[in-house]
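Visitor: Okay, handing you the structure first.
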Amino acid sequence: MANHSLAFTALGDPTRQLLLERLAKRPMPVGKLAAGLKVTRPAVSQHLKVLYDAGLVSVRQQGTRRIYQVDPKGIEIMRSYLDRFWDRALAALKAAAETEEDT
Amino acid sequence: MTAVATIEPVRKHVIIEASQERVFQTFTRDIDTWWPRQHHIGTSPLKRAVLEPMAGGRWYSVCEDGSECTTGRVLAWDPPKRVVLAWQITAQWQYDPDLITEVEVTFTAEGPRTTRVDLEHRNLERYGVSAVEFRKSIDASQGWGLILSNFAAAVGCEE
């Protein structure tokens, strides 16, 4: 279970924000994530651990590699809002179109 | 599992007792007649929702105080069968020209006065980091009701 105050702290660091932005574009292993950065690979691993503990990234095993990705739960919450929003919107669309048809 | 994390699109459908032409017109030209605004709070009230009826057209709202706020734009225009809209509202309830999530709506005539509307809101994975921030803000906040209100307010109108 994600600890949200942990999440807040975890995002307070610019390197971790950068890592999260990279992962948002594409899931990848540590080596790739560290490429081109001014931080060492062990440092990246350490940052990832903080992000992981905060529930901001998740990890999966692909063969011998561990692939990191943005934890989709945050997006799922966004999705559930949109889901409800469109329910309401389409019900209103139906009412409006059927009313107009009658007149 | 695929290499790229994708989020299942929001998919909805509704059967409407009206002609395909009518339903298409209602959805697009007459969007103001049905666009949700009942949860609107704060800022200036929503006066009018507008969808410019052409490819590339703007999708925006006008507030009582005269300010305008963009929701997105028309990506594909194929009356009376299909319209694709860019929904560019972030998880922080702001218009972001760099964020494009797509809303595809198809209108299928099932009879002279019966139309099926299918709606798909996709590319939700593009919310990425901003959704993580969003989850944080939910945790710090006052619960679902107000968040939903804020969302409806932002979709309808913002400062």
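As shown in the structure tokens, the chain order sets the letters A, B, ...; within each chain, residues go from 1, and ligands are also counted from 1 in the order they appear.
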Mind checking which residues fall within 12 Å of Thr101 (chain B), counting only C-alpha atoms, ignoring those fewer than 5 positions away in the same chain, and posting them as a ChimeraX atom specification?
Guide: /A:79,82 /B:7,9-10,71-75,84-91,95-96,120-128
Visitor: Go ahead and write the residues just picked, C-alpha atoms, as a CSV table (one decimal), in the first residue's frame.
Guide:
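For reference, result-v5.csv as written:
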```
chain,number,residue,atom,x,y,z
A,79,ARG,CA,-9.6,6.8,-15.5
A,82,LEU,CA,-13.5,9.9,-16.7
B,7,ILE,CA,-4.3,1.8,-19.7
B,9,PRO,CA,-9.6,3.1,-22.6
B,10,VAL,CA,-12.9,4.3,-21.2
B,71,THR,CA,-10.9,21.6,-23.5
B,72,GLY,CA,-9.3,20.5,-26.8
B,73,ARG,CA,-10.0,20.4,-30.5
B,74,VAL,CA,-11.5,18.4,-33.3
B,75,LEU,CA,-9.1,15.8,-34.7
B,84,VAL,CA,-12.6,12.4,-32.9
B,85,LEU,CA,-11.8,15.0,-30.3
B,86,ALA,CA,-8.6,15.8,-28.5
B,87,TRP,CA,-9.2,16.0,-24.8
B,88,GLN,CA,-6.4,18.1,-23.3
B,89,ILE,CA,-7.3,18.5,-19.7
B,90,THR,CA,-4.6,17.4,-17.3
B,91,ALA,CA,-5.0,15.6,-14.0
B,95,TYR,CA,-5.5,22.8,-20.4
B,96,ASP,CA,-2.2,21.5,-21.6
B,120,GLU,CA,-13.9,5.7,-26.5
B,121,HIS,CA,-11.6,7.9,-24.4
B,122,ARG,CA,-8.1,6.5,-25.0
B,123,ASN,CA,-4.4,7.3,-24.5
B,124,LEU,CA,-5.0,7.6,-20.8
B,125,GLU,CA,-1.5,6.3,-20.1
B,126,ARG,CA,-0.3,9.7,-21.3
B,127,TYR,CA,-1.5,11.1,-17.9
B,128,GLY,CA,1.7,9.4,-16.6
```
Visitor: Do me a favour and pick out the residues of chain A within 8 Å of chain B, using only C-alpha atoms, as a ChimeraX atom specification.
Guide: /A:4,7-8,20-21,24-27,56,69-70,72,74-79,81-83,85-98,101
Visitor: Next, write the just-selected residues to a file, as an mmCIF file, in the first residue's frame, keeping N, CA and C atoms as the atom set.
Guide:
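Once written, result36.cif looks like this:
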```
data_model
loop_
_atom_site.group_PDB
_atom_site.id
_atom_site.type_symbol
_atom_site.label_atom_id
_atom_site.label_comp_id
_atom_site.auth_asym_id
_atom_site.auth_seq_id
_atom_site.Cartn_x
_atom_site.Cartn_y
_atom_site.Cartn_z
ATOM 1 N N HIS A 4 1.299 7.983 1.175
ATOM 2 C CA HIS A 4 1.251 9.194 0.357
ATOM 3 C C HIS A 4 2.189 10.285 0.818
ATOM 4 N N ALA A 7 5.229 9.440 -0.815
ATOM 5 C CA ALA A 7 5.176 9.812 -2.222
ATOM 6 C C ALA A 7 5.531 11.283 -2.389
ATOM 7 N N PHE A 8 5.033 12.064 -1.480
ATOM 8 C CA PHE A 8 5.284 13.497 -1.548
ATOM 9 C C PHE A 8 6.777 13.774 -1.413
ATOM 10 N N LEU A 20 11.150 9.543 -13.006
ATOM 11 C CA LEU A 20 9.730 9.235 -13.149
ATOM 12 C C LEU A 20 9.204 9.692 -14.512
ATOM 13 N N GLU A 21 9.676 10.847 -14.949
ATOM 14 C CA GLU A 21 9.261 11.326 -16.274
ATOM 15 C C GLU A 21 9.742 10.393 -17.375
ATOM 16 N N ALA A 24 7.645 7.358 -17.364
ATOM 17 C CA ALA A 24 6.282 7.606 -17.837
ATOM 18 C C ALA A 24 6.217 7.438 -19.353
ATOM 19 N N LYS A 25 7.329 7.758 -20.016
ATOM 20 C CA LYS A 25 7.354 7.610 -21.476
ATOM 21 C C LYS A 25 7.473 6.154 -21.862
ATOM 22 N N ARG A 26 8.268 5.402 -21.109
ATOM 23 C CA ARG A 26 8.519 4.015 -21.476
ATOM 24 C C ARG A 26 9.088 3.259 -20.281
ATOM 25 N N PRO A 27 8.561 2.067 -20.006
ATOM 26 C CA PRO A 27 9.171 1.249 -18.951
ATOM 27 C C PRO A 27 10.575 0.832 -19.381
ATOM 28 N N LEU A 56 5.242 4.792 -6.261
ATOM 29 C CA LEU A 56 5.163 5.577 -7.496
ATOM 30 C C LEU A 56 5.609 4.787 -8.718
ATOM 31 N N GLN A 69 8.497 0.672 -14.171
ATOM 32 C CA GLN A 69 7.485 1.480 -14.860
ATOM 33 C C GLN A 69 6.719 2.312 -13.841
ATOM 34 N N VAL A 70 6.086 3.370 -14.337
ATOM 35 C CA VAL A 70 5.246 4.178 -13.459
ATOM 36 C C VAL A 70 4.097 3.307 -12.981
ATOM 37 N N PRO A 72 0.694 2.148 -12.440
ATOM 38 C CA PRO A 72 -0.508 2.614 -13.133
ATOM 39 C C PRO A 72 -1.673 2.966 -12.210
ATOM 40 N N GLY A 74 -2.207 5.362 -10.151
ATOM 41 C CA GLY A 74 -2.591 6.773 -10.200
ATOM 42 C C GLY A 74 -3.451 7.055 -11.415
ATOM 43 N N ILE A 75 -3.060 6.444 -12.535
ATOM 44 C CA ILE A 75 -3.813 6.648 -13.772
ATOM 45 C C ILE A 75 -5.183 5.977 -13.675
ATOM 46 N N GLU A 76 -5.240 4.846 -12.972
ATOM 47 C CA GLU A 76 -6.529 4.163 -12.821
ATOM 48 C C GLU A 76 -7.552 5.053 -12.109
ATOM 49 N N ILE A 77 -7.071 5.840 -11.162
ATOM 50 C CA ILE A 77 -7.994 6.740 -10.467
ATOM 51 C C ILE A 77 -8.511 7.802 -11.433
ATOM 52 N N MET A 78 -7.587 8.339 -12.222
ATOM 53 C CA MET A 78 -7.977 9.312 -13.245
ATOM 54 C C MET A 78 -9.013 8.687 -14.185
ATOM 55 N N ARG A 79 -8.728 7.449 -14.556
ATOM 56 C CA ARG A 79 -9.619 6.752 -15.480
ATOM 57 C C ARG A 79 -11.023 6.597 -14.877
ATOM 58 N N TYR A 81 -12.515 8.492 -12.828
ATOM 59 C CA TYR A 81 -13.222 9.782 -12.894
ATOM 60 C C TYR A 81 -13.816 10.009 -14.272
ATOM 61 N N LEU A 82 -12.982 9.744 -15.287
ATOM 62 C CA LEU A 82 -13.456 9.949 -16.658
ATOM 63 C C LEU A 82 -14.608 9.000 -16.960
ATOM 64 N N ASP A 83 -14.509 7.794 -16.428
ATOM 65 C CA ASP A 83 -15.558 6.799 -16.620
ATOM 66 C C ASP A 83 -16.906 7.343 -16.111
ATOM 67 N N PHE A 85 -17.583 10.506 -15.500
ATOM 68 C CA PHE A 85 -17.910 11.724 -16.224
ATOM 69 C C PHE A 85 -18.682 11.408 -17.509
ATOM 70 N N TRP A 86 -18.189 10.428 -18.271
ATOM 71 C CA TRP A 86 -18.838 10.124 -19.551
ATOM 72 C C TRP A 86 -20.203 9.459 -19.356
ATOM 73 N N ASP A 87 -20.372 8.717 -18.276
ATOM 74 C CA ASP A 87 -21.703 8.177 -17.966
ATOM 75 C C ASP A 87 -22.717 9.306 -17.876
ATOM 76 N N ARG A 88 -22.321 10.318 -17.123
ATOM 77 C CA ARG A 88 -23.231 11.435 -16.891
ATOM 78 C C ARG A 88 -23.447 12.234 -18.181
ATOM 79 N N ALA A 89 -22.351 12.420 -18.910
ATOM 80 C CA ALA A 89 -22.441 13.220 -20.139
ATOM 81 C C ALA A 89 -23.336 12.538 -21.174
ATOM 82 N N LEU A 90 -23.165 11.217 -21.344
ATOM 83 C CA LEU A 90 -23.961 10.527 -22.370
ATOM 84 C C LEU A 90 -25.438 10.446 -21.975
ATOM 85 N N ALA A 91 -25.708 10.343 -20.690
ATOM 86 C CA ALA A 91 -27.111 10.369 -20.246
ATOM 87 C C ALA A 91 -27.731 11.722 -20.599
ATOM 88 N N ALA A 92 -26.959 12.772 -20.422
ATOM 89 C CA ALA A 92 -27.456 14.114 -20.755
ATOM 90 C C ALA A 92 -27.617 14.291 -22.263
ATOM 91 N N LEU A 93 -26.685 13.707 -23.021
ATOM 92 C CA LEU A 93 -26.783 13.755 -24.486
ATOM 93 C C LEU A 93 -28.070 13.082 -24.955
ATOM 94 N N LYS A 94 -28.346 11.912 -24.389
ATOM 95 C CA LYS A 94 -29.553 11.162 -24.750
ATOM 96 C C LYS A 94 -30.796 12.003 -24.469
ATOM 97 N N ALA A 95 -30.851 12.583 -23.291
ATOM 98 C CA ALA A 95 -32.015 13.398 -22.929
ATOM 99 C C ALA A 95 -32.180 14.572 -23.894
ATOM 100 N N ALA A 96 -31.080 15.217 -24.222
ATOM 101 C CA ALA A 96 -31.148 16.391 -25.107
ATOM 102 C C ALA A 96 -31.574 16.000 -26.514
ATOM 103 N N ALA A 97 -30.987 14.932 -27.047
ATOM 104 C CA ALA A 97 -31.300 14.529 -28.435
ATOM 105 C C ALA A 97 -32.750 14.049 -28.539
ATOM 106 N N GLU A 98 -33.224 13.328 -27.538
ATOM 107 C CA GLU A 98 -34.594 12.812 -27.601
ATOM 108 C C GLU A 98 -35.614 13.927 -27.410
ATOM 109 N N GLU A 101 -35.825 15.747 -30.709
ATOM 110 C CA GLU A 101 -36.513 14.951 -31.708
ATOM 111 C C GLU A 101 -38.032 15.083 -31.570
#
```
Visitor: Would you compute the distance between CA of Ser45 (chain A) and CA of Lys73 (chain A)? Give it in Å to one decimal.
Guide: 21.8 Å
Visitor: Within 6 Å of Phe107 (chain B), counting only C-alpha atoms, which residues show up once you throw out same-chain ones fewer than 3 positions away? Write them as a PyMOL selection string, please.
Guide: chain B and resi 81-82+116-117
Visitor: How would the residues just picked look written out with N, CA and C atoms as a compact mmCIF listing (two decimals), in the first residue's frame?
Guide:
```
# COMPACT_ATOMS: atom_id res chain seq x y z
N LYS B 81 -21.36 10.41 -38.97
CA LYS B 81 -21.00 9.09 -38.46
C LYS B 81 -19.97 9.10 -37.34
N ARG B 82 -19.06 10.06 -37.37
CA ARG B 82 -17.92 9.91 -36.46
C ARG B 82 -17.26 11.26 -36.22
N ARG B 116 -27.16 4.35 -32.18
CA ARG B 116 -26.24 3.87 -31.15
C ARG B 116 -25.01 4.78 -31.15
N VAL B 117 -24.66 5.26 -29.98
CA VAL B 117 -23.47 6.10 -29.83
C VAL B 117 -22.42 5.31 -29.06
```
Visitor: Counting only C-alpha atoms, which residue out of A:Arg22, A:Tyr68, A:Ser80, A:Leu33 sits closest to Gly55 (chain A)?
Guide: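 Once distances to Gly55 (chain A) are computed over only C-alpha atoms, the minimum belongs to A:Tyr68.
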Visitor: With DSSP run on the backbone, what are the helix (DSSP H, G or I) residues within chain A? I'd like them as an NGL selection string.
Guide: :A and (4-10 or 14-25 or 30-34 or 41-53 or 73-102)
Visitor: Quote the spacing between CA of Pro53 (chain B) and CA of Pro80 (chain B) in Å to one decimal place.
Guide: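 Straight-line distance from CA of Pro53 (chain B) to CA of Pro80 (chain B) works out to 11.3 Å.
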